[in-house]
Amino acid sequence: MESMDISVPRRAAYGHAEETPYRIRQAGVVWWGTVIALAGVVAFGIYAYIQQFILGDYVTGLRDIGTGGGAGWGIYIAVLVYFVGVSFAGVSTAALVRLFNLKSLKPISRMAEALTVFSLPLAAIAVMADLGQPERAIVNLLRYVRPQAPFFGTFTLVISGYLFSSMVFLFLSGRRDAAICARQPSKLQWFYKMWATGYTDTPEERERHEKVTWWLSMTILPLLVVAHSTLGFIFGIQGGRPGWFSALSAPAFVTLAGVSGIGFVIIIAAIVRQTLRLKKEINAEAFRFLANMLWILCAIYLYFTVAETLTANYAAPGHEAAVSQQLIGGQYAPIFWMAVGLLFISFVSLLLQFIRRSMSIPLVVMCGVMVNIAAFAKRFLIVVPSQTVGTVLPYVQGSYVPTWVEWGVVAGLFGLGTLVYVVFAKVFPIMEIPEEE
Amino acid sequence: MRKKIVVAMLLAFIGLAGVSVYLAIPAVGWGSAPKMPFASVTFIIGVMGSFISAIVYEILPPKIK
C-alpha cells in the first residue's frame, strides 16, 4: 500500500476532487432546517431549566420521599441511566469490530463511537439538572467522594475511564480520515490537520494503529462492564429501599444498556444509510448482526425481569412485594406492561427473522425504536416506584408526575445530543473513507 | 525509545490512580471524609493519563532524537 502524500491534492476514493466524503461541509436546506429545529428544542430546554433554577425545584414534580409524598429522584435520573445505557453499545460495538474483525459492522463503527462520546456528557448534564445547586455538586463531589460509594465508580470510571477512552478511540480511529480531509483546502482544514496530527498512512503507522486500537478495545470492554455495574450498584446495594435492593441490579443494568445501545445504533445506522444513500456500504449484514445481538439481549433482560418479579411476588418481604405489585397491577402497571410488551414483541420478531433466515431492515429499525422506548420506561420504573411505594418507614403511598419543566429539560437534552451528532456528521466523515483503488 | 516513554507514562499514571484510590479511602470510620481532599481528581487524572499513553504511542516517532 503506497503511503499518502498529503501535501499534494489528489483524487480521493470518493470520486471527483470537489466532492466531499459523505457530503461533509455541504449543508443544504434540509440540513439547516434540521439544525434550526433542533436548536429550538435545545433553547426550550434551556428556558425550562432557567425556570427551575430561578423558581426552585418546586416547579418540578420532585418531592421529598414519604413526608412530601413524592420521589426525590425522578425523570432526570432515569434519563441519566438511559443515556449511560445508550453509550454502552457505542464503543463496545467499535471494540468488538476490532477484536473479532467483524467486517460487516465496520461501516457503523464510527457512528457507534460518536454515539458514546456524545451521550455520556448528556448523562452528566442530566445529573446536574437534577441538583438544586449544581455548582456545589461539582466541587463537593470531587472533594469528598469515596471508593466505598458506588457513585465513586460511576463518577470516576464512567467519566475518566469510559468517556475519555472512547474519545481517545474516536480520535485515533479518525486520524486517517482527517488526513484525507486535510488534503482539500477548506475552512476546516486547520481542524482536520490538528486531528490528523501528522498521520501519513505508512505501513508502520497502520500496524501501530492496529496494535493500539486492539489494546484499547481489550481495556474498554471490561471497563465499561465495571462502569455500568457501579451504576447498577447505586440502586442495588441500597438495603433500605425495597425494589432497588437486588443482586440482579448490576447485570440487569448492563444488559438493558446493551439493549438500548444496540437499538440506538440500529436507528442511527438506518438514518445515515437513508440520508447519505449508503445502501451498499451499510448493508443488510450489519443489521442482521445487530438484530441477532438485540434479540439475545432482549431475551436475557426478559429473563431477569421474570426472575425478579417471580421472586418478589412469591416469598419476598412485604415491602418488596408491595413494590412489585404496584408494577404488575398497580399505578405503574401500564408503563410496566408497555415496556415488557415492547421488549417481548421485539424479541419474538427478531427471533422469527433469525429462524426464517430472512432480513427486513425496516423491521429491525422498528425494533430498535421499540426497545429504546421500553428501556426509557424501564429506567423510569427502576428509579421511581421504590421511592413512592413500599418504603420501609410507615409513609403513605406517594406519587410522582413530571411537570412540563422536566419534560422540557429532557427534550432539550435529546435535542442537544441530536444537534451535536448532526453537526459532527456534517463536519467529519461519519464512516471510514474507503481505501483508494 | 518510544516504547520506554509510553511504558513509563503508563506505570506512572496507573500508580497515580492506585495511590489516589488509597488516599480516597477515609482515614477513620466508614462515613468520614477521604484522607486527601480531591483524591478523586487525581484518580481521574491517573486513569485519563493511562489512555493518553495510547495517543503518545501512536503519535510519537519510533526514535526520538
# chains A, B, ... in the order shown; residues from 1 in each chain; ligands from 1
$ interface_residues --of "chain B" --to "chain A" --cutoff "8 Å" --atoms "only C-alpha atoms" --output "ChimeraX atom specification"
/B:21,24-26,33-34,37-41,43-45,47-48,51-52,54-55,57-59
$ write_last_selection --atoms "N, CA, C and O atoms" --output "compact mmCIF listing (two decimals), in the first residue's frame"
# COMPACT_ATOMS: atom_id res chain seq x y z
N VAL B 21 -6.72 6.00 44.90
CA VAL B 21 -7.79 5.19 45.50
C VAL B 21 -7.50 5.03 46.99
O VAL B 21 -8.39 5.14 47.84
N ALA B 24 -8.26 8.15 48.77
CA ALA B 24 -9.69 8.48 48.78
C ALA B 24 -10.45 7.72 49.87
O ALA B 24 -11.54 8.12 50.27
N ILE B 25 -9.84 6.63 50.34
CA ILE B 25 -10.49 5.86 51.41
C ILE B 25 -10.36 6.65 52.71
O ILE B 25 -9.28 7.13 53.04
N PRO B 26 -11.45 6.80 53.48
CA PRO B 26 -11.38 7.62 54.69
C PRO B 26 -10.35 7.09 55.69
O PRO B 26 -10.12 5.89 55.80
N ALA B 33 -14.55 11.77 55.85
CA ALA B 33 -14.03 12.31 54.59
C ALA B 33 -12.80 11.53 54.14
O ALA B 33 -12.15 10.86 54.93
N PRO B 34 -12.43 11.63 52.86
CA PRO B 34 -11.23 10.94 52.37
C PRO B 34 -9.97 11.45 53.08
O PRO B 34 -9.94 12.55 53.61
N PRO B 37 -8.38 15.44 50.39
CA PRO B 37 -9.47 16.00 49.59
C PRO B 37 -9.13 15.97 48.10
O PRO B 37 -7.96 16.02 47.73
N PHE B 38 -10.14 15.86 47.29
CA PHE B 38 -9.96 15.84 45.83
C PHE B 38 -9.10 14.66 45.37
O PHE B 38 -8.50 14.72 44.30
N ALA B 39 -9.10 13.59 46.17
CA ALA B 39 -8.37 12.39 45.73
C ALA B 39 -8.98 11.83 44.47
O ALA B 39 -8.29 11.22 43.64
N SER B 40 -10.28 12.04 44.31
CA SER B 40 -10.94 11.51 43.11
C SER B 40 -10.42 12.23 41.86
O SER B 40 -10.38 11.64 40.78
N VAL B 41 -10.00 13.48 42.02
CA VAL B 41 -9.47 14.21 40.86
C VAL B 41 -8.17 13.58 40.39
O VAL B 41 -7.96 13.37 39.19
N PHE B 43 -7.32 10.56 40.89
CA PHE B 43 -7.67 9.26 40.31
C PHE B 43 -8.09 9.42 38.86
O PHE B 43 -7.65 8.66 37.98
N ILE B 44 -8.92 10.43 38.62
CA ILE B 44 -9.37 10.68 37.24
C ILE B 44 -8.18 11.02 36.36
O ILE B 44 -8.06 10.53 35.23
N ILE B 45 -7.26 11.83 36.87
CA ILE B 45 -6.07 12.19 36.09
C ILE B 45 -5.25 10.95 35.79
O ILE B 45 -4.73 10.76 34.68
N VAL B 47 -6.28 7.80 35.53
CA VAL B 47 -6.94 6.96 34.53
C VAL B 47 -6.85 7.60 33.15
O VAL B 47 -6.53 6.93 32.15
N MET B 48 -7.13 8.90 33.08
CA MET B 48 -7.05 9.59 31.78
C MET B 48 -5.64 9.53 31.23
O MET B 48 -5.43 9.34 30.02
N PHE B 51 -4.77 6.46 29.35
CA PHE B 51 -5.27 6.41 27.97
C PHE B 51 -4.52 7.37 27.06
O PHE B 51 -4.40 7.12 25.85
N ILE B 52 -4.01 8.44 27.63
CA ILE B 52 -3.19 9.36 26.82
C ILE B 52 -1.92 8.65 26.36
O ILE B 52 -1.38 8.95 25.29
N ALA B 54 -1.77 5.84 25.11
CA ALA B 54 -2.09 5.22 23.82
C ALA B 54 -1.89 6.22 22.69
O ALA B 54 -1.36 5.88 21.63
N ILE B 55 -2.31 7.47 22.95
CA ILE B 55 -2.13 8.51 21.92
C ILE B 55 -0.65 8.75 21.70
O ILE B 55 -0.18 8.87 20.56
N TYR B 57 1.82 6.73 22.16
CA TYR B 57 2.42 5.60 21.44
C TYR B 57 2.16 5.69 19.95
O TYR B 57 3.03 5.39 19.13
N GLU B 58 0.97 6.13 19.60
CA GLU B 58 0.64 6.16 18.18
C GLU B 58 1.25 7.36 17.47
O GLU B 58 1.61 7.29 16.30
N ILE B 59 1.38 8.46 18.18
CA ILE B 59 1.80 9.70 17.52
C ILE B 59 3.31 9.88 17.52
O ILE B 59 3.89 10.39 16.56
$ closest_atom_pairs --of "segment 214-245 of chain A" --to "segment 252-256 of chain A" --cutoff "10 Å" --atoms "only C-alpha atoms" --output "JSON lines"
{"residue": "A:Leu224", "atom": "CA", "partner": "A:Val254", "partner_atom": "CA", "distance": 8.9}
{"residue": "A:Val225", "atom": "CA", "partner": "A:Val254", "partner_atom": "CA", "distance": 6.6}
{"residue": "A:Val226", "atom": "CA", "partner": "A:Val254", "partner_atom": "CA", "distance": 9.0}
{"residue": "A:Ala227", "atom": "CA", "partner": "A:Val254", "partner_atom": "CA", "distance": 9.2}
{"residue": "A:His228", "atom": "CA", "partner": "A:Val254", "partner_atom": "CA", "distance": 5.7}
{"residue": "A:Ser229", "atom": "CA", "partner": "A:Val254", "partner_atom": "CA", "distance": 6.4}
{"residue": "A:Thr230", "atom": "CA", "partner": "A:Phe253", "partner_atom": "CA", "distance": 9.3}
{"residue": "A:Leu231", "atom": "CA", "partner": "A:Phe253", "partner_atom": "CA", "distance": 7.6}
{"residue": "A:Gly232", "atom": "CA", "partner": "A:Phe253", "partner_atom": "CA", "distance": 5.5}
{"residue": "A:Phe233", "atom": "CA", "partner": "A:Phe253", "partner_atom": "CA", "distance": 9.1}
{"residue": "A:Gly236", "atom": "CA", "partner": "A:Phe253", "partner_atom": "CA", "distance": 9.9}
$ residues_around --residues "segment 9-18 of chain B" --least-positions-apart "5" --cutoff "6 Å" --atoms "only C-alpha atoms" --output "MDAnalysis selection string"
chainID B and resid 43 46 49:50
$ select_by_dssp --residues "chain B" --states "alpha helix (DSSP H)" --output "PyMOL selection string"
chain B and resi 2-24+39-59
$ atom_distance --atom1 "atom CA of Leu343 of chain A" --atom2 "atom CA of Glu285 of chain A"
22.5 Å
$ atom_distance --atom1 "atom CA of Leu302 of chain A" --atom2 "atom CA of Val340 of chain A"
7.4 Å
$ residues_around --residues "Ala39 of chain A" --least-positions-apart "3" --cutoff "12 Å" --atoms "only C-alpha atoms" --output "list in words"
Trp32, Gly33, Thr34, Val35, Ile36, Val42, Ala43, Phe44, Gly45, Ile46, Ala411, Gly412, Leu413, Phe414, Gly415, Leu416, Gly417, Thr418, Leu419, Val420, Val422 and Val423 of chain A
$ write_last_selection --atoms "all heavy atoms" --output "short mmCIF file (atom, residue, chain, number, x, y, z; two decimals), in the first residue's frame"
data_model
loop_
_atom_site.label_atom_id
_atom_site.label_comp_id
_atom_site.auth_asym_id
_atom_site.auth_seq_id
_atom_site.Cartn_x
_atom_site.Cartn_y
_atom_site.Cartn_z
N TRP A 32 -30.00 22.54 7.22
CA TRP A 32 -30.15 23.76 8.01
C TRP A 32 -31.49 23.78 8.74
O TRP A 32 -31.57 24.22 9.89
CB TRP A 32 -30.01 24.99 7.11
CG TRP A 32 -28.57 25.35 6.87
CD1 TRP A 32 -27.88 25.26 5.69
CD2 TRP A 32 -27.64 25.85 7.84
NE1 TRP A 32 -26.58 25.65 5.87
CE2 TRP A 32 -26.40 26.03 7.18
CE3 TRP A 32 -27.72 26.16 9.20
CZ2 TRP A 32 -25.26 26.50 7.83
CZ3 TRP A 32 -26.58 26.63 9.84
CH2 TRP A 32 -25.38 26.79 9.16
N GLY A 33 -32.52 23.30 8.06
CA GLY A 33 -33.83 23.22 8.72
C GLY A 33 -33.79 22.34 9.95
O GLY A 33 -34.35 22.68 11.01
N THR A 34 -33.10 21.21 9.82
CA THR A 34 -32.97 20.28 10.95
C THR A 34 -32.22 20.94 12.10
O THR A 34 -32.62 20.84 13.27
CB THR A 34 -32.21 19.01 10.51
OG1 THR A 34 -32.85 18.46 9.36
CG2 THR A 34 -32.17 17.98 11.62
N VAL A 35 -31.14 21.59 11.76
CA VAL A 35 -30.32 22.24 12.80
C VAL A 35 -31.11 23.32 13.52
O VAL A 35 -31.07 23.43 14.75
CB VAL A 35 -29.03 22.82 12.17
CG1 VAL A 35 -28.34 23.79 13.11
CG2 VAL A 35 -28.07 21.69 11.81
N ILE A 36 -31.86 24.11 12.75
CA ILE A 36 -32.64 25.20 13.37
C ILE A 36 -33.72 24.63 14.28
O ILE A 36 -33.94 25.11 15.41
CB ILE A 36 -33.23 26.13 12.29
CG1 ILE A 36 -32.10 26.94 11.64
CG2 ILE A 36 -34.29 27.07 12.87
CD1 ILE A 36 -32.49 27.65 10.37
N VAL A 42 -33.46 22.77 21.89
CA VAL A 42 -32.44 23.00 22.92
C VAL A 42 -32.75 24.29 23.67
O VAL A 42 -32.65 24.35 24.90
CB VAL A 42 -31.03 23.06 22.29
CG1 VAL A 42 -30.00 23.47 23.32
CG2 VAL A 42 -30.66 21.71 21.70
N ALA A 43 -33.15 25.32 22.92
CA ALA A 43 -33.47 26.61 23.55
C ALA A 43 -34.64 26.46 24.53
O ALA A 43 -34.63 27.03 25.62
CB ALA A 43 -33.81 27.65 22.48
N PHE A 44 -35.63 25.65 24.13
CA PHE A 44 -36.77 25.41 25.02
C PHE A 44 -36.31 24.69 26.29
O PHE A 44 -36.76 25.00 27.40
CB PHE A 44 -37.85 24.59 24.30
CG PHE A 44 -39.02 24.26 25.17
CD1 PHE A 44 -39.88 25.25 25.61
CD2 PHE A 44 -39.26 22.95 25.58
CE1 PHE A 44 -40.96 24.96 26.44
CE2 PHE A 44 -40.34 22.65 26.40
CZ PHE A 44 -41.18 23.65 26.83
N GLY A 45 -35.39 23.74 26.12
CA GLY A 45 -34.85 23.02 27.28
C GLY A 45 -34.12 23.97 28.22
O GLY A 45 -34.25 23.87 29.44
N ILE A 46 -33.35 24.88 27.64
CA ILE A 46 -32.62 25.85 28.47
C ILE A 46 -33.60 26.75 29.20
O ILE A 46 -33.45 27.04 30.40
CB ILE A 46 -31.65 26.69 27.59
CG1 ILE A 46 -30.54 25.79 27.05
CG2 ILE A 46 -31.06 27.84 28.39
CD1 ILE A 46 -29.66 26.45 26.01
N ALA A 411 -36.35 17.03 26.84
CA ALA A 411 -36.41 17.25 25.39
C ALA A 411 -35.19 18.04 24.92
O ALA A 411 -34.61 17.75 23.88
CB ALA A 411 -37.69 18.01 25.02
N GLY A 412 -34.80 19.03 25.72
CA GLY A 412 -33.61 19.81 25.39
C GLY A 412 -32.36 18.95 25.34
O GLY A 412 -31.50 19.13 24.47
N LEU A 413 -32.27 17.97 26.25
CA LEU A 413 -31.10 17.08 26.25
C LEU A 413 -31.07 16.23 24.99
O LEU A 413 -30.03 16.07 24.35
CB LEU A 413 -31.12 16.19 27.49
CG LEU A 413 -30.73 16.86 28.81
CD1 LEU A 413 -30.96 15.92 29.98
CD2 LEU A 413 -29.29 17.32 28.77
N PHE A 414 -32.22 15.66 24.65
CA PHE A 414 -32.28 14.85 23.42
C PHE A 414 -31.97 15.71 22.20
O PHE A 414 -31.26 15.29 21.28
CB PHE A 414 -33.66 14.18 23.27
CG PHE A 414 -33.79 12.89 24.03
CD1 PHE A 414 -34.36 12.87 25.29
CD2 PHE A 414 -33.34 11.69 23.48
CE1 PHE A 414 -34.46 11.67 26.00
CE2 PHE A 414 -33.46 10.50 24.18
CZ PHE A 414 -34.02 10.49 25.45
N GLY A 415 -32.52 16.94 22.22
CA GLY A 415 -32.26 17.85 21.11
C GLY A 415 -30.79 18.19 21.00
O GLY A 415 -30.23 18.23 19.90
N LEU A 416 -30.15 18.42 22.15
CA LEU A 416 -28.73 18.77 22.15
C LEU A 416 -27.89 17.63 21.59
O LEU A 416 -27.00 17.84 20.77
CB LEU A 416 -28.30 19.11 23.58
CG LEU A 416 -26.83 19.46 23.78
CD1 LEU A 416 -26.46 20.72 23.01
CD2 LEU A 416 -26.52 19.65 25.27
N GLY A 417 -28.18 16.41 22.05
CA GLY A 417 -27.43 15.26 21.56
C GLY A 417 -27.60 15.08 20.06
O GLY A 417 -26.61 14.85 19.34
N THR A 418 -28.83 15.21 19.59
CA THR A 418 -29.07 15.05 18.16
C THR A 418 -28.39 16.15 17.37
O THR A 418 -27.80 15.91 16.31
CB THR A 418 -30.60 15.07 17.88
OG1 THR A 418 -31.25 14.20 18.78
CG2 THR A 418 -30.90 14.65 16.45
N LEU A 419 -28.47 17.39 17.89
CA LEU A 419 -27.85 18.52 17.20
C LEU A 419 -26.34 18.33 17.07
O LEU A 419 -25.76 18.51 15.99
CB LEU A 419 -28.15 19.81 17.97
CG LEU A 419 -27.53 21.10 17.44
CD1 LEU A 419 -28.05 21.44 16.06
CD2 LEU A 419 -27.83 22.27 18.39
N VAL A 420 -25.71 17.93 18.15
CA VAL A 420 -24.25 17.74 18.13
C VAL A 420 -23.89 16.62 17.14
O VAL A 420 -22.93 16.73 16.39
CB VAL A 420 -23.74 17.40 19.55
CG1 VAL A 420 -22.29 16.95 19.52
CG2 VAL A 420 -23.90 18.60 20.46
N VAL A 422 -25.64 15.63 14.48
CA VAL A 422 -25.91 16.09 13.11
C VAL A 422 -24.77 17.01 12.64
O VAL A 422 -24.30 16.90 11.50
CB VAL A 422 -27.27 16.80 13.05
CG1 VAL A 422 -27.42 17.63 11.80
CG2 VAL A 422 -28.40 15.78 13.13
N VAL A 423 -24.32 17.89 13.52
CA VAL A 423 -23.22 18.80 13.16
C VAL A 423 -21.93 18.01 12.96
O VAL A 423 -21.18 18.25 12.02
CB VAL A 423 -23.05 19.89 14.24
CG1 VAL A 423 -21.78 20.67 14.03
CG2 VAL A 423 -24.25 20.83 14.23
#
$ atom_distance --atom1 "atom CA of Leu23 of chain B" --atom2 "atom CA of Lys35 of chain B"
5.2 Å
